[in-house]
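Content type TSV, C-alpha atoms, from the file input_4.tsv:
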```tsv
chain	number	residue	atom	x	y	z
A	1	MET	CA	74.78	110.31	120.36
A	2	LYS	CA	78.02	111.86	119.13
A	3	VAL	CA	78.97	110.77	115.62
A	4	ILE	CA	82.03	111.53	113.51
A	5	ILE	CA	81.75	110.94	109.78
A	6	MET	CA	84.82	110.96	107.53
A	7	GLY	CA	84.16	111.75	103.87
A	8	CYS	CA	81.39	114.09	102.78
A	9	GLY	CA	80.22	112.59	99.51
A	10	ARG	CA	76.66	111.64	98.62
A	11	VAL	CA	76.53	108.94	101.26
A	12	GLY	CA	78.48	110.69	104.02
A	13	GLY	CA	76.62	113.94	103.48
A	14	ARG	CA	73.24	112.25	103.48
A	15	LEU	CA	74.04	110.20	106.57
A	16	ALA	CA	75.19	113.36	108.38
A	17	THR	CA	71.98	115.13	107.42
A	18	LEU	CA	69.79	112.24	108.62
A	19	LEU	CA	71.60	111.87	111.95
A	20	ASP	CA	71.64	115.62	112.49
A	21	GLY	CA	67.89	115.76	111.81
A	22	GLU	CA	67.34	113.24	114.59
A	23	GLY	CA	69.14	115.52	117.04
A	24	ASN	CA	72.53	113.76	117.19
A	25	LYS	CA	75.79	115.66	117.56
A	26	VAL	CA	77.46	115.26	114.17
A	27	VAL	CA	80.95	116.25	113.02
A	28	ILE	CA	81.71	115.57	109.36
A	29	ILE	CA	85.29	115.74	108.07
A	30	ASP	CA	86.43	116.16	104.48
A	31	GLN	CA	89.70	117.25	102.91
A	32	ASN	CA	87.89	119.53	100.51
A	33	SER	CA	85.48	122.20	101.72
A	34	TYR	CA	83.67	122.05	98.36
A	35	SER	CA	82.36	118.61	99.41
A	36	PHE	CA	80.22	120.24	102.07
A	37	ARG	CA	77.83	121.33	99.30
A	38	TRP	CA	76.08	118.00	99.98
A	39	LEU	CA	74.96	119.34	103.37
A	40	PRO	CA	71.69	121.31	103.50
A	41	SER	CA	71.70	124.84	104.92
A	42	SER	CA	69.66	123.50	107.83
A	43	PHE	CA	72.60	121.28	108.96
A	44	LYS	CA	73.35	122.10	112.59
A	45	GLY	CA	76.43	119.92	113.02
A	46	ILE	CA	80.08	120.78	112.39
A	47	ALA	CA	81.70	120.54	108.95
A	48	GLN	CA	85.47	120.33	109.46
A	49	VAL	CA	88.11	120.51	106.75
A	50	GLY	CA	90.95	118.06	107.39
A	51	ASN	CA	92.55	114.69	106.75
A	52	GLY	CA	90.74	111.96	108.66
A	53	LEU	CA	93.90	109.84	108.82
A	54	ASP	CA	95.57	112.53	110.89
A	55	GLU	CA	95.20	112.00	114.62
A	56	GLU	CA	95.25	115.75	115.33
A	57	THR	CA	92.31	116.29	112.98
A	58	LEU	CA	90.41	113.47	114.65
A	59	LYS	CA	91.10	114.87	118.12
A	60	LYS	CA	89.90	118.29	117.02
A	61	ALA	CA	86.71	116.63	115.80
A	62	GLY	CA	86.28	115.23	119.31
A	63	ILE	CA	86.99	111.57	118.60
A	64	GLU	CA	88.02	110.96	122.20
A	65	THR	CA	84.41	111.38	123.33
A	66	ALA	CA	82.64	110.08	120.20
A	67	ASP	CA	80.17	107.19	120.38
A	68	VAL	CA	80.34	106.31	116.70
A	69	PHE	CA	82.86	106.73	113.88
A	70	VAL	CA	81.87	106.17	110.25
A	71	SER	CA	84.24	106.30	107.27
A	72	THR	CA	82.66	106.96	103.87
A	73	THR	CA	85.43	108.37	101.67
A	74	GLN	CA	85.95	107.20	98.09
A	75	GLY	CA	88.96	105.09	99.05
A	76	ASP	CA	88.51	101.65	100.60
A	77	ASN	CA	91.99	101.77	102.08
A	78	ARG	CA	91.50	105.22	103.59
A	79	ASN	CA	88.24	104.02	105.09
A	80	VAL	CA	89.68	100.94	106.78
A	81	MET	CA	92.79	102.73	107.96
A	82	ALA	CA	90.69	105.50	109.54
A	83	ALA	CA	88.37	102.92	111.06
A	84	GLN	CA	91.31	101.11	112.62
A	85	ILE	CA	92.71	104.38	114.03
A	86	ALA	CA	89.28	105.11	115.56
A	87	LYS	CA	89.00	101.62	116.99
A	88	HIS	CA	92.54	100.88	118.16
A	89	VAL	CA	93.99	104.31	118.97
A	90	PHE	CA	90.90	106.13	120.27
A	91	ASN	CA	88.76	103.16	121.38
A	92	VAL	CA	85.58	104.53	119.81
A	93	PRO	CA	82.80	102.12	120.92
A	94	ARG	CA	81.25	101.70	117.48
A	95	VAL	CA	83.16	101.94	114.20
A	96	VAL	CA	81.57	101.42	110.80
A	97	SER	CA	83.33	101.52	107.45
A	98	ARG	CA	82.21	101.46	103.84
A	99	ILE	CA	84.32	99.14	101.68
A	100	TYR	CA	83.49	98.73	97.99
A	101	ASP	CA	85.65	95.63	97.46
A	102	PRO	CA	83.68	92.63	98.81
A	103	ILE	CA	86.82	90.58	99.51
A	104	ARG	CA	88.44	93.32	101.55
A	105	GLU	CA	85.09	93.94	103.26
A	106	GLU	CA	84.88	90.31	104.34
A	107	MET	CA	88.43	90.33	105.67
A	108	TYR	CA	88.04	93.48	107.75
A	109	SER	CA	84.74	92.34	109.20
A	110	THR	CA	86.58	89.28	110.55
A	111	LEU	CA	89.13	91.71	112.02
A	112	GLY	CA	86.44	93.38	114.10
A	113	ILE	CA	85.50	96.40	111.98
A	114	GLU	CA	81.81	96.75	111.17
A	115	THR	CA	81.75	96.95	107.40
A	116	ILE	CA	79.30	97.44	104.60
A	117	SER	CA	79.99	96.77	100.94
A	118	PRO	CA	77.64	98.75	98.66
A	119	THR	CA	78.90	96.61	95.78
A	120	LYS	CA	77.61	93.44	97.38
A	121	VAL	CA	74.39	94.97	98.70
A	122	GLY	CA	73.66	96.76	95.42
A	123	ALA	CA	74.26	93.68	93.28
A	124	ASP	CA	72.11	91.53	95.59
A	125	ILE	CA	69.20	93.97	95.39
A	126	LEU	CA	69.45	94.21	91.62
A	127	GLN	CA	69.57	90.42	91.29
A	128	LYS	CA	66.45	90.02	93.43
A	129	LEU	CA	64.67	92.70	91.44
A	130	ILE	CA	65.45	90.95	88.16
A	131	GLU	CA	64.67	87.42	89.31
A	132	ASP	CA	61.44	88.14	91.20
B	1	MET	CA	113.26	83.77	99.35
B	2	TYR	CA	110.13	84.70	97.46
B	3	ILE	CA	109.58	88.43	97.98
B	4	ILE	CA	106.68	90.56	96.78
B	5	VAL	CA	107.16	94.29	96.33
B	6	ILE	CA	104.02	96.46	96.17
B	7	GLY	CA	104.63	99.71	94.32
B	8	GLY	CA	107.05	100.20	91.45
B	9	GLY	CA	108.16	103.76	92.12
B	10	GLN	CA	111.77	104.69	92.76
B	11	SER	CA	111.90	102.77	96.05
B	12	GLY	CA	110.18	99.71	94.66
B	13	TYR	CA	112.47	99.64	91.65
B	14	TYR	CA	115.70	99.85	93.67
B	15	ILE	CA	114.50	97.35	96.25
B	16	ALA	CA	113.60	94.87	93.49
B	17	ARG	CA	116.92	95.41	91.75
B	18	THR	CA	118.90	94.83	94.96
B	19	LEU	CA	116.90	91.73	95.88
B	20	LEU	CA	117.31	90.25	92.41
B	21	LYS	CA	121.06	90.76	92.66
B	22	SER	CA	121.05	88.73	95.88
B	23	SER	CA	119.30	85.93	93.92
B	24	HIS	CA	115.86	86.26	95.48
B	25	GLU	CA	112.69	85.54	93.58
B	26	VAL	CA	110.95	88.90	93.19
B	27	VAL	CA	107.59	90.07	91.88
B	28	VAL	CA	106.69	93.76	91.71
B	29	ILE	CA	103.04	94.84	91.60
B	30	GLU	CA	102.50	98.22	89.97
B	31	HIS	CA	99.20	99.62	88.71
B	32	ASP	CA	100.60	102.20	86.30
B	33	PHE	CA	101.15	100.94	82.77
B	34	LEU	CA	104.17	103.14	81.97
B	35	ARG	CA	105.92	102.46	85.27
B	36	SER	CA	105.49	98.71	84.88
B	37	ALA	CA	106.80	98.88	81.32
B	38	VAL	CA	109.89	100.77	82.50
B	39	ILE	CA	110.64	98.24	85.23
B	40	SER	CA	110.10	95.26	82.90
B	41	GLU	CA	112.51	96.79	80.44
B	42	GLN	CA	115.19	97.28	83.10
B	43	LEU	CA	114.74	94.22	85.31
B	44	GLY	CA	113.01	91.67	83.12
B	45	ASN	CA	109.67	89.97	83.37
B	46	ILE	CA	109.05	90.46	87.07
B	47	VAL	CA	106.23	93.02	87.03
B	48	VAL	CA	102.53	92.30	87.35
B	49	ARG	CA	100.18	95.14	86.56
B	50	GLY	CA	97.50	95.48	89.19
B	51	ASP	CA	96.41	96.64	92.61
B	52	GLY	CA	98.54	95.16	95.38
B	53	CYS	CA	95.71	95.53	97.91
B	54	GLU	CA	93.39	93.42	95.79
B	55	ALA	CA	93.20	89.82	97.01
B	56	THR	CA	92.70	88.45	93.48
B	57	THR	CA	95.93	90.08	92.27
B	58	LEU	CA	97.82	88.65	95.23
B	59	GLU	CA	96.22	85.25	94.66
B	60	ASP	CA	97.37	85.23	91.02
B	61	ILE	CA	101.01	85.67	91.96
B	62	GLY	CA	100.98	82.97	94.61
B	63	THR	CA	101.22	85.20	97.66
B	64	SER	CA	100.54	82.31	100.04
B	65	ARG	CA	104.03	80.96	99.37
B	66	ALA	CA	105.73	84.36	99.77
B	67	ASP	CA	108.30	84.74	102.56
B	68	LEU	CA	108.11	88.52	102.68
B	69	LEU	CA	105.94	91.35	101.38
B	70	ILE	CA	107.31	94.88	101.12
B	71	ALA	CA	104.76	97.69	100.55
B	72	VAL	CA	106.37	100.87	99.24
B	73	THR	CA	103.63	102.79	97.46
B	74	GLY	CA	103.38	106.51	98.13
B	75	ASP	CA	100.28	106.19	100.32
B	76	ASP	CA	100.34	104.97	103.90
B	77	GLU	CA	96.82	103.55	103.73
B	78	ASP	CA	97.65	101.45	100.66
B	79	ASN	CA	100.81	100.11	102.30
B	80	LEU	CA	98.90	99.22	105.46
B	81	VAL	CA	96.12	97.39	103.63
B	82	ALA	CA	98.54	95.49	101.36
B	83	CYS	CA	100.38	94.23	104.45
B	84	GLN	CA	97.17	93.34	106.27
B	85	VAL	CA	95.73	91.43	103.30
B	86	ALA	CA	99.05	89.58	102.90
B	87	LYS	CA	99.12	88.71	106.58
B	88	HIS	CA	95.50	87.78	107.23
B	89	ARG	CA	94.46	86.25	103.93
B	90	PHE	CA	97.69	84.70	102.72
B	91	ASN	CA	99.59	84.16	105.99
B	92	VAL	CA	102.72	85.87	104.75
B	93	PRO	CA	105.13	85.54	107.70
B	94	ARG	CA	106.79	88.94	107.41
B	95	THR	CA	105.58	92.30	106.12
B	96	ILE	CA	107.39	95.62	105.76
B	97	ALA	CA	105.64	98.93	105.10
B	98	ARG	CA	106.97	102.31	104.16
B	99	LEU	CA	105.46	105.26	106.01
B	100	LYS	CA	105.05	108.84	104.88
B	101	ASN	CA	103.60	110.04	108.16
B	102	PRO	CA	105.95	108.97	110.98
B	103	ARG	CA	103.06	109.29	113.44
B	104	HIS	CA	101.48	106.17	111.96
B	105	GLN	CA	104.39	104.01	113.13
B	106	GLY	CA	102.75	102.86	116.37
B	107	LEU	CA	99.45	102.14	114.67
B	108	PHE	CA	101.06	100.00	111.95
B	109	LYS	CA	102.92	97.95	114.56
B	110	LYS	CA	99.73	97.48	116.54
B	111	LEU	CA	97.91	96.32	113.42
B	112	GLY	CA	100.45	93.61	112.71
B	113	VAL	CA	102.91	95.16	110.24
B	114	ASP	CA	106.27	93.67	111.26
B	115	VAL	CA	108.59	96.46	110.21
B	116	THR	CA	107.94	100.08	109.31
B	117	VAL	CA	110.34	102.41	107.55
B	118	SER	CA	109.60	106.12	107.75
B	119	SER	CA	111.24	108.01	104.92
B	120	THR	CA	110.42	111.30	106.65
B	121	ASN	CA	112.17	110.22	109.85
B	122	LEU	CA	115.23	109.00	107.95
B	123	ILE	CA	115.59	112.31	106.14
B	124	LEU	CA	115.08	114.23	109.39
B	125	ALA	CA	117.71	112.13	111.18
B	126	ASP	CA	120.20	112.76	108.39
B	127	ILE	CA	119.59	116.48	108.50
B	128	LYS	CA	119.85	116.58	112.30
B	129	LYS	CA	123.28	114.95	112.11
B	130	GLU	CA	124.48	117.86	110.01
B	131	LEU	CA	123.26	120.58	112.35
B	132	PRO	CA	126.12	121.99	114.45
B	133	ASP	CA	123.75	122.72	117.35
B	134	ASN	CA	122.96	119.08	117.80
B	135	PRO	CA	125.78	117.13	119.43
B	136	LEU	CA	123.52	114.09	120.00
B	137	CYS	CA	122.09	112.18	117.11
B	138	SER	CA	120.10	108.99	117.03
B	139	LEU	CA	121.67	106.22	114.94
B	140	LEU	CA	119.14	103.46	115.41
B	141	SER	CA	115.94	102.65	117.27
B	142	ILE	CA	115.68	99.24	118.89
B	143	LYS	CA	112.94	97.46	120.83
B	144	GLY	CA	110.25	99.24	118.82
B	145	GLY	CA	111.64	102.70	119.54
B	146	SER	CA	111.91	102.45	123.33
B	147	LEU	CA	115.71	102.24	123.16
B	148	GLU	CA	117.97	104.39	121.03
B	149	VAL	CA	121.53	103.93	119.89
B	150	VAL	CA	122.95	107.45	119.85
B	151	ASN	CA	126.12	109.20	118.88
B	152	VAL	CA	127.41	112.21	120.82
B	153	ILE	CA	130.36	114.35	119.76
B	154	ILE	CA	132.06	116.18	122.61
B	155	PRO	CA	132.16	119.89	121.69
B	156	PRO	CA	135.58	121.62	121.62
B	157	ASP	CA	134.84	123.88	124.60
B	158	SER	CA	133.06	121.29	126.72
B	159	THR	CA	133.85	120.99	130.44
B	160	VAL	CA	133.76	117.21	130.00
B	161	ALA	CA	136.97	117.22	127.92
B	162	GLY	CA	139.86	116.12	130.16
B	163	LYS	CA	137.58	114.27	132.60
B	164	GLN	CA	137.62	110.53	133.20
B	165	LEU	CA	134.60	108.54	132.05
B	166	GLY	CA	134.04	107.33	135.62
B	167	GLU	CA	133.58	110.92	136.82
B	168	LEU	CA	130.53	111.51	134.62
B	169	ASP	CA	127.07	111.32	136.13
B	170	LEU	CA	125.15	109.30	133.53
B	171	PRO	CA	121.36	108.99	133.63
B	172	ARG	CA	119.72	105.64	134.42
B	173	GLU	CA	119.39	103.03	131.70
B	174	SER	CA	122.15	104.65	129.67
B	175	VAL	CA	125.19	102.61	128.68
B	176	ILE	CA	128.30	103.82	126.88
B	177	CYS	CA	129.22	101.27	124.20
B	178	MET	CA	132.24	102.70	122.47
B	179	ILE	CA	134.44	105.75	122.24
B	180	VAL	CA	135.84	106.82	118.89
B	181	SER	CA	138.73	109.26	119.20
B	182	LYS	CA	139.20	112.17	116.82
B	183	GLY	CA	141.81	110.19	114.89
B	184	GLY	CA	139.37	107.33	114.32
B	185	GLY	CA	140.68	104.81	116.90
B	186	THR	CA	138.05	102.92	118.87
B	187	GLN	CA	138.18	102.20	122.58
B	188	ILE	CA	136.09	99.92	124.77
B	189	PRO	CA	134.80	102.18	127.55
B	190	HIS	CA	136.09	101.88	131.12
B	191	ASP	CA	136.09	104.32	134.01
B	192	ASP	CA	139.73	105.47	133.58
B	193	ILE	CA	139.47	106.62	129.97
B	194	VAL	CA	140.07	110.36	129.66
B	195	LEU	CA	137.70	112.06	127.26
B	196	ALA	CA	138.96	114.61	124.77
B	197	ALA	CA	137.19	117.25	122.74
B	198	GLU	CA	135.75	115.91	119.48
B	199	ASP	CA	135.67	112.33	120.75
B	200	GLU	CA	132.58	110.52	119.55
B	201	ILE	CA	130.66	108.49	122.07
B	202	VAL	CA	128.30	105.74	120.99
B	203	ALA	CA	125.74	104.92	123.68
B	204	ILE	CA	122.42	103.19	124.26
B	205	THR	CA	119.73	105.08	126.13
B	206	THR	CA	115.96	105.30	126.49
B	207	SER	CA	114.05	107.95	124.57
B	208	GLU	CA	113.19	109.73	127.86
B	209	ASN	CA	116.82	109.89	128.98
B	210	GLU	CA	118.21	111.12	125.68
B	211	ILE	CA	118.45	114.77	126.75
B	212	ALA	CA	119.86	113.91	130.19
B	213	LEU	CA	122.54	111.77	128.53
B	214	GLN	CA	123.37	114.54	126.10
B	215	ASN	CA	123.78	117.00	128.99
B	216	ALA	CA	125.96	114.56	130.94
B	217	LEU	CA	128.23	113.96	127.95
B	218	ILE	CA	128.67	117.46	126.60
B	219	GLY	CA	128.85	119.27	129.95
B	220	ASN	CA	128.73	123.05	129.84
B	221	HIS	CA	129.80	124.57	126.60
B	222	LYS	CA	129.03	127.68	124.62
B	223	ARG	CA	126.73	126.87	121.74
B	224	GLU	CA	128.11	127.71	118.34
B	225	GLY	CA	126.49	130.45	116.35
B	226	LYS	CA	124.50	131.96	119.22
```
Could you rewrite the structure in this file as C-alpha cells?
Amino acid sequence: MKVIIMGCGRVGGRLATLLDGEGNKVVIIDQNSYSFRWLPSSFKGIAQVGNGLDEETLKKAGIETADVFVSTTQGDNRNVMAAQIAKHVFNVPRVVSRIYDPIREEMYSTLGIETISPTKVGADILQKLIED
Amino acid sequence: MYIIVIGGGQSGYYIARTLLKSSHEVVVIEHDFLRSAVISEQLGNIVVRGDGCEATTLEDIGTSRADLLIAVTGDDEDNLVACQVAKHRFNVPRTIARLKNPRHQGLFKKLGVDVTVSSTNLILADIKKELPDNPLCSLLSIKGGSLEVVNVIIPPDSTVAGKQLGELDLPRESVICMIVSKGGGTQIPHDDIVLAAEDEIVAITTSENEIALQNALIGNHKREGK
C-alpha cells in the first residue's frame, strides 16, 4: 500500500513508523525538516520537506498513485483542505483527516472525508475510565 | 443584507467600512484582541472576537440568517473552511473567499465557494498592464475563467495599423466588442473600420485563443527594448 502522510508530529511520525514497519510505501511531508526527528533511524520511507497544500509538493510525493492520504498537521483547517485536495483533485481512494474540533469533524464526515477527532475519542475514553 | 466578514485585517476593515456605508448590516469576526479593538473604535460595535471557522461563534452571531459571508483572513485554508461551515451548517446562500495561492481557485469553486478573489492574480494583472512588452492584458474573467475580456493596444509600428477590421484573421471564439481610439472616442466595431496605431481594442476570447488573438491584432511589429 502506498501512503502519504501530511504533518510529521507525534501522531504523523508514529503512524509513518508503524506503516513503514509493516512494509508499506510511506511518504511523509512536513514544512519543517526538524519535525522528522520523530522518525526512527530505521525508517525506510521518504521524508519530504514541503507544503502539503501545494499541488506540486503532493505530486512530487506521488499522490497520483497513492492508495491512502492522511493529514495530521496541527491545524484542523489545513488538514481538511489537504484532504479535500487529495480527494477531489487527485482522486485518492482513501482519505483520512484528523480534526480536533468535534463540530467541524462531524460536518466534514458528512461531506465524505473520513475523519477522526482525538478530542472526542480522548474525552470518551477518559469518561469511561472514570465512570467504570 | 446581513453580511458576515471573517478576518479583520486591512481587507476586512475596508470591506466592512464600505458595506456599512451602503447601509448593510455587518458583523466582523476577528480573533486578535488588538485588531478587534481598533475596528470597534473606528466602525462601532460590529466586531465579535472569535474564530470564524468555529460553528459556535457563527451560531452566536446568527449566521443562519446571513445573506452573504466574506472570508478574508490571510490563510487560504481558514477562508475555505469558514465558507464551507457557513454553507453546509448554516445554509448561507452566497460565500466569497480571498485566495493567496491562485492555484487554489479551481478547488475552491469545486468545493462550493461561490466567488474567489485572488489578490496575487489582481496584483499580477495590474503589473502586466504596465509592461510595455505586453500589448494584451486581461481585464476580466467570465464563466469561471473560461472566457476572458481583454484589452489590446495596437503598437505604433504594427502592420495592422491602416488595415480594415474585416481584413483581420481573428481566431475562433473571439469577438471584438469595442474600439477606443487614441483620443478616447469609442466605436462599435464593424468590418469597414480602419485601425490606427495606439487604438485600444476590447475583445472577448477564450483562454486558449488569447495568444492567437494578440497576434492577429498586433500583426508584425518590432518589440520595444529588444
Using only C-alpha atoms, find each residue of chain A with at least one atom at most 7 Å away from an atom of chain B; report its shortest atom-to-atom pair and that distance in Å (one decimal), sort the rows by chain and rising residue number, and return the result as JSON lines.
```
{"residue": "A:Asn77", "atom": "CA", "partner": "B:Glu77", "partner_atom": "CA", "distance": 5.4}
{"residue": "A:Arg78", "atom": "CA", "partner": "B:Glu77", "partner_atom": "CA", "distance": 5.6}
{"residue": "A:Met81", "atom": "CA", "partner": "B:Glu77", "partner_atom": "CA", "distance": 5.9}
{"residue": "A:Ile103", "atom": "CA", "partner": "B:Ala55", "partner_atom": "CA", "distance": 6.9}
```
Those residues you just picked out, can you put them in a file as a short mmCIF file (atom, residue, chain, number, x, y, z; two decimals), keeping the file's coordinate frame with C-alpha atoms?
```cif
data_model
loop_
_atom_site.label_atom_id
_atom_site.label_comp_id
_atom_site.auth_asym_id
_atom_site.auth_seq_id
_atom_site.Cartn_x
_atom_site.Cartn_y
_atom_site.Cartn_z
CA ASN A 77 91.99 101.77 102.08
CA ARG A 78 91.50 105.22 103.59
CA MET A 81 92.79 102.73 107.96
CA ILE A 103 86.82 90.58 99.51
#
```
Skipping near chain neighbours, those fewer than 6 positions away, what residues fall within 8 Å of A:Thr115 using only C-alpha atoms, listed as a PyMOL selection string?
-> chain A and resi 96-99+105-106+108-109
Would you compute the box with edges along x, y and z of the file around stretch 102-107 of chain A, including every atom the file lists for it and 3 Å extra on each side, and give its centre and edge lengths in Å to one decimal, as JSON?
```
{"center_x": 86.1, "center_y": 92.1, "center_z": 102.2, "size_x": 10.8, "size_y": 9.6, "size_z": 12.9}
```
Contacts of A:Glu64 at 12 Å or less, counting only C-alpha atoms, minus same-chain residues fewer than 2 places along, as a ChimeraX atom specification?
-> /A:2-4,55-62,66-69,85-93
Atom-to-atom span, atom CA of A:Ala47 and atom CA of A:Val11, Å |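 Separating atom CA of A:Ala47 from atom CA of A:Val11 is a distance of 14.8 Å.
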Who sits within 12 Å of B:Ala86, only C-alpha atoms, same chain under 4 positions skipped, as a PyMOL selection string | (chain A and resi 104+107) or (chain B and resi 3-6+52-59+61-71+79-82+90-97+112-114)
Exercise: A:Lys120 partners within 9 Å, only C-alpha atoms, chain neighbours under 6 positions left out, as an MDAnalysis selection string = chainID A and resid 100:102
Separation of atom CA of A:Gly52 from atom CA of B:Leu122, in Å and rounded to one decimal |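 Pair atom CA of A:Gly52 / atom CA of B:Leu122 returns 24.7 Å.
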Could you state the separation of atom CA of B:Asn209 and atom CA of B:Lys182 in Å, given to one decimal place?
->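 Straight-line distance from atom CA of B:Asn209 to atom CA of B:Lys182 works out to 25.6 Å.
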Hey, which of B:Glu41, B:Glu148, B:Glu167, B:Asp192 ends up closest to B:Glu210? Count only C-alpha atoms.
->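 Of B:Glu41, B:Glu148, B:Glu167, B:Asp192, the one nearest B:Glu210, counting only C-alpha atoms, is B:Glu148.
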Find the spatial neighbours of B:Ser11, counting only C-alpha atoms, within a cut-off of 10 Å - ignore same-chain residues fewer than 5 positions away - and output them as a ChimeraX atom specification.
-> /B:5,16-17,71-74,98
Save stretch 30-64 of chain A of the structure in the block above to a file, with C-alpha atoms included, as a PDB file, in the first residue's frame.
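Saved as part.pdb:
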```
ATOM      1  CA  ASP A  30       6.278  18.384   6.692  1.00  0.00           C
ATOM      2  CA  GLN A  31       7.124  22.049   6.211  1.00  0.00           C
ATOM      3  CA  ASN A  32       9.909  21.826   8.743  1.00  0.00           C
ATOM      4  CA  SER A  33      12.695  19.266   8.432  1.00  0.00           C
ATOM      5  CA  TYR A  34      13.221  19.416  12.214  1.00  0.00           C
ATOM      6  CA  SER A  35       9.884  17.591  12.585  1.00  0.00           C
ATOM      7  CA  PHE A  36      11.420  14.472  11.088  1.00  0.00           C
ATOM      8  CA  ARG A  37      13.162  13.886  14.424  1.00  0.00           C
ATOM      9  CA  TRP A  38      10.037  11.877  15.310  1.00  0.00           C
ATOM     10  CA  LEU A  39      11.057   9.255  12.743  1.00  0.00           C
ATOM     11  CA  PRO A  40      13.412   6.470  13.897  1.00  0.00           C
ATOM     12  CA  SER A  41      16.690   5.924  12.060  1.00  0.00           C
ATOM     13  CA  SER A  42      15.270   2.619  10.825  1.00  0.00           C
ATOM     14  CA  PHE A  43      12.551   4.466   8.813  1.00  0.00           C
ATOM     15  CA  LYS A  44      12.790   3.295   5.207  1.00  0.00           C
ATOM     16  CA  GLY A  45      10.182   5.621   3.703  1.00  0.00           C
ATOM     17  CA  ILE A  46      10.632   9.117   2.279  1.00  0.00           C
ATOM     18  CA  ALA A  47      10.629  12.250   4.446  1.00  0.00           C
ATOM     19  CA  GLN A  48       9.860  15.221   2.185  1.00  0.00           C
ATOM     20  CA  VAL A  49      10.039  18.882   3.153  1.00  0.00           C
ATOM     21  CA  GLY A  50       7.175  20.878   1.644  1.00  0.00           C
ATOM     22  CA  ASN A  51       3.736  22.411   1.997  1.00  0.00           C
ATOM     23  CA  GLY A  52       1.045  19.752   1.756  1.00  0.00           C
ATOM     24  CA  LEU A  53      -1.477  22.291   0.435  1.00  0.00           C
ATOM     25  CA  ASP A  54       0.676  22.794  -2.634  1.00  0.00           C
ATOM     26  CA  GLU A  55      -0.283  20.550  -5.529  1.00  0.00           C
ATOM     27  CA  GLU A  56       3.307  20.405  -6.827  1.00  0.00           C
ATOM     28  CA  THR A  57       4.526  19.114  -3.470  1.00  0.00           C
ATOM     29  CA  LEU A  58       1.794  16.491  -3.443  1.00  0.00           C
ATOM     30  CA  LYS A  59       2.626  15.386  -6.989  1.00  0.00           C
ATOM     31  CA  LYS A  60       6.283  15.078  -6.067  1.00  0.00           C
ATOM     32  CA  ALA A  61       5.235  12.872  -3.158  1.00  0.00           C
ATOM     33  CA  GLY A  62       3.463  10.649  -5.679  1.00  0.00           C
ATOM     34  CA  ILE A  63      -0.137  11.448  -4.775  1.00  0.00           C
ATOM     35  CA  GLU A  64      -1.344  10.467  -8.238  1.00  0.00           C
TER      36      GLU A  64
END
```
